[in-house]
Every structure is written in structure tokens, then in C-alpha cells.
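A short worksheet on the structure shown next.
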Amino acid sequence: MATVTNVHDLARAHLSDVAKEIWTDAVLLDFSKTAYRKVQRAVGASGIPLIHTVQSSALTVPASTATIGRATTPALPADLLRPRSIRTKLTASGAYKVISKSEVFISDEAAVATPIDRWDWRGDFIYLSLCSAECKLMMIYEASLTDLTAVGDTLGVPDILDAMGAMVASLACASRDEINAAKNYMDLAMSDLQMIANGEIDVSKAVGKLMGAQ
């Protein structure tokens with residue numbers, strides 16, 4: 001995956017400043033931050049979800065824990081959008097096992113001394129079957145993209161280097177009232193983003209025909 005440094009190098013090529021005499025990384029970084037947010041909005045508006053998949057660290061789940069939420073102990077990861085799969089084990093022994101997603105009705109159940117074996121996702125909470133012993137839990141989840149903060153950061157959206165380079169060049173030109181150049185670079189960026197979105201939509205349709213709706 002490309003980094004912010006790659007974006008800046010491409011933007012400087014557009015701006016005829018490969019020697020970094022004017023458009024240094026420090027100057028271009030704020031433009032890259034803005035461009036990244038614009039790119040995400042543009043691609044998202046085309047119907048392409050901008051998420052990535054993350055595996056959590058092990059969470060320690062106290063005995064008889066019924067739910068995990070944003071403000072519970074343990075808490076959901078800050079960047080979690082929704083969980084995809086969960087593995088659990090007793091803290092004291094055993095190996096992690098993937099558990100089933102199914103409706104969990106806490107009020108109808110008693111805590112048992114076996115690992116958590118079911119989970120559900122409702123109203124921004126993970127609901128768990130009750131265990132009378134402490135457990136460990138790991139999850140694979142869909143996470144939101146984080147903002148760019150440094151030149152070494154990696155772009156979380158595939159294939160957007162060309163669009164980002166053109167958009168950063170556009171924002172740089174706009175900051176100097178070079179309106180025509182800014183428009184030309186922005187048009188170039190948006191054209192590239194549209195091609196990316198069209199390609200993703202075509203792939204999704206092809207996969208849907210082969211495997212059913214995704």
C-alpha cells in the first residue's frame with residue numbers, strides 16, 4: 001500500500017518541484033489530510049464501503065459478563081464498526097474456538113462453567129452467553145479508517161495514489177490562487193476515483209453472479 005510520502009512525491013511531480021524546494025512534506029501534509037477525507041467521501045458516495053478488517057488483541061471477560069459495549073469493561077475497540085467473528089476460551093485453560101453468532105437472551109440463561117459459546121450484535125453491543133468463569137475473547141472486526149497524521153502513514157484505500165497525488169496538487173495550487181491549475185488537477189483526481197469506483201462495482205456484480213449477493 002502507498003504511503004503519504006508517495007503521495008507527496010507524486011504531487012511534487014505535478015507541481016514541478018521534485019527537489020522539494022517549495023512543497024516540502026511539512027507544507028503538503030495538511031493538504032494530504034484534507035485530500036484523504038475527500039477521497040473517502042467520494043468513494044463512499046459511489047457505494048463502496050471504506051472499511052478494513054482487524055483482529056483484536058485478547059480481551060479479558062469477567063465471569064457472568066453479559067455484554068461488551070463502548071463504555072464497558074472490557075470495551076469494544078474504538079475503531080470497531082461491527083464484529084465479523086469471535087473466538088473464546090477459558091482464561092485458565094483450553095484453546096481458542098470460533099463461536100456461533102445467534103440470538104442471545106441473557107434473562108433466560110444461567111451462567112455455566114464452559115467457555116462463552118454464542119454471541120450476537122445488537123444496538124452497538126456484543127451480547128454473550130453467560131460463563132461462570134473468566135474467559136478470553138478475540139474478534140475479527142470491520143474497522144473505520146483512521147485519519148492521516150504523518151508522512152509515513154499508509155493509505156487505507158487501495159489504488160488511490162494517483163488520485164491523492166492529483167488532489168494534493170490541486171489543493172496546493174488553490175492555496176496560491178492558481179485556480180485553473182487547481183481545477184485541472186481536481187478533475188483529474190475525481191476522474192481517477194470514478195474509475196476506481198466503477199471497477200469495484202463491476203467486481204461486486206461479477207462476484208454476486210458467481211456466489212450470490214455479498
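Lettering and numbering for the C-alpha cells are positional, with chains as A, B, ... in the shown order, residues counted from 1 in each chain, and ligands counted from 1 in the shown order.
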Review point. Neighbours of Tyr141 in chain A within 7 Å (only C-alpha atoms; same-chain residues fewer than 5 positions away dropped), as a list in words?
Key: Thr53, Val54, Gln55, Leu80, Arg82, Pro83, Arg84 and Ser85 of chain A
Practice item. Find the distance between CA of Phe125 in chain A and CA of Ser93 in chain A and write it in Å to one decimal. Key: 26.5 Å
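Between CA of Asp187 in chain A and CA of Ala163 in chain A the interatomic distance comes to 9.6 Å.
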Tell me, as an mmCIF file with C-alpha atoms, in the first residue's frame, which residues lie within 8 Å of range 4-16 of chain A, counting only C-alpha atoms; anything in the same chain fewer than 2 positions away does not count.
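Below you can see result_26.cif, which holds the result:
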```
data_model
loop_
_atom_site.group_PDB
_atom_site.id
_atom_site.type_symbol
_atom_site.label_atom_id
_atom_site.label_comp_id
_atom_site.auth_asym_id
_atom_site.auth_seq_id
_atom_site.Cartn_x
_atom_site.Cartn_y
_atom_site.Cartn_z
ATOM 1 C CA ALA A 2 1.158 3.539 -0.769
ATOM 2 C CA VAL A 18 10.753 17.230 -7.259
ATOM 3 C CA LYS A 20 11.279 19.825 -2.576
ATOM 4 C CA TRP A 23 6.467 21.974 -1.460
ATOM 5 C CA ASP A 25 6.464 17.337 3.344
ATOM 6 C CA LEU A 28 1.938 19.251 1.924
ATOM 7 C CA LEU A 29 0.855 17.173 4.937
ATOM 8 C CA SER A 32 -2.877 15.246 2.225
ATOM 9 C CA ALA A 150 2.346 11.669 9.428
ATOM 10 C CA VAL A 151 4.244 11.232 6.157
ATOM 11 C CA GLY A 152 4.921 7.579 6.951
ATOM 12 C CA ASP A 153 1.227 6.699 7.292
ATOM 13 C CA THR A 154 -0.210 4.113 4.904
ATOM 14 C CA LEU A 155 -3.248 4.875 2.753
ATOM 15 C CA LEU A 161 -2.235 7.018 -5.044
ATOM 16 C CA ASP A 162 -2.781 8.750 -8.401
ATOM 17 C CA MET A 164 -4.394 11.525 -3.976
ATOM 18 C CA GLY A 165 -1.358 12.954 -5.766
ATOM 19 C CA ALA A 166 -3.546 14.959 -8.148
ATOM 20 C CA VAL A 168 -2.936 17.302 -3.169
ATOM 21 C CA ALA A 169 -1.533 19.178 -6.180
#
```
Review point. Which parts of range 56-199 of chain A does DSSP call alpha helix (DSSP H) when run on the backbone here, written out as an MDAnalysis selection string?
Key: chainID A and resid 161:174 179:199
Exercise for review: Per DSSP on the backbone, filter range 51-99 of chain A down to the residues in strand (DSSP E) and report them as a ChimeraX atom specification.
Suggested key: /A:51-55,59-61,67-68,80-90,97-98
For the selection you just gave me, I'd like the residues written to a file as a PDB file, in the first residue's frame, keeping C-alpha atoms.
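And here's out04.pdb as it stands now:
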```
ATOM      1  CA  ILE A  51     -13.582  -0.372   5.875  1.00  0.00           C
ATOM      2  CA  HIS A  52     -10.754  -2.704   6.697  1.00  0.00           C
ATOM      3  CA  THR A  53     -10.616  -5.888   8.737  1.00  0.00           C
ATOM      4  CA  VAL A  54      -8.714  -6.022  12.027  1.00  0.00           C
ATOM      5  CA  GLN A  55      -8.011  -8.737  14.595  1.00  0.00           C
ATOM      6  CA  LEU A  59      -9.921  -9.189  25.865  1.00  0.00           C
ATOM      7  CA  THR A  60     -10.322 -10.463  29.421  1.00  0.00           C
ATOM      8  CA  VAL A  61     -14.028 -11.092  30.029  1.00  0.00           C
ATOM      9  CA  THR A  67     -22.493  -7.537  27.117  1.00  0.00           C
ATOM     10  CA  ILE A  68     -19.482  -5.691  25.752  1.00  0.00           C
ATOM     11  CA  LEU A  80     -14.907  -1.085  15.567  1.00  0.00           C
ATOM     12  CA  LEU A  81     -17.824  -0.784  13.171  1.00  0.00           C
ATOM     13  CA  ARG A  82     -19.144  -4.329  13.662  1.00  0.00           C
ATOM     14  CA  PRO A  83     -17.678  -7.717  14.583  1.00  0.00           C
ATOM     15  CA  ARG A  84     -17.336 -10.468  11.983  1.00  0.00           C
ATOM     16  CA  SER A  85     -16.248 -13.446  14.068  1.00  0.00           C
ATOM     17  CA  ILE A  86     -15.387 -14.192  17.697  1.00  0.00           C
ATOM     18  CA  ARG A  87     -13.167 -16.784  19.371  1.00  0.00           C
ATOM     19  CA  THR A  88     -13.203 -17.544  23.101  1.00  0.00           C
ATOM     20  CA  LYS A  89     -11.539 -19.760  25.692  1.00  0.00           C
ATOM     21  CA  LEU A  90     -11.467 -20.127  29.454  1.00  0.00           C
ATOM     22  CA  LYS A  97     -12.505 -21.789  19.453  1.00  0.00           C
ATOM     23  CA  VAL A  98     -14.702 -19.874  16.998  1.00  0.00           C
TER      24      VAL A  98
END
```
Check your understanding: In Å, how far is it from CA of Val43 in chain A to CA of Ala143 in chain A?
Key -> 16.6 Å
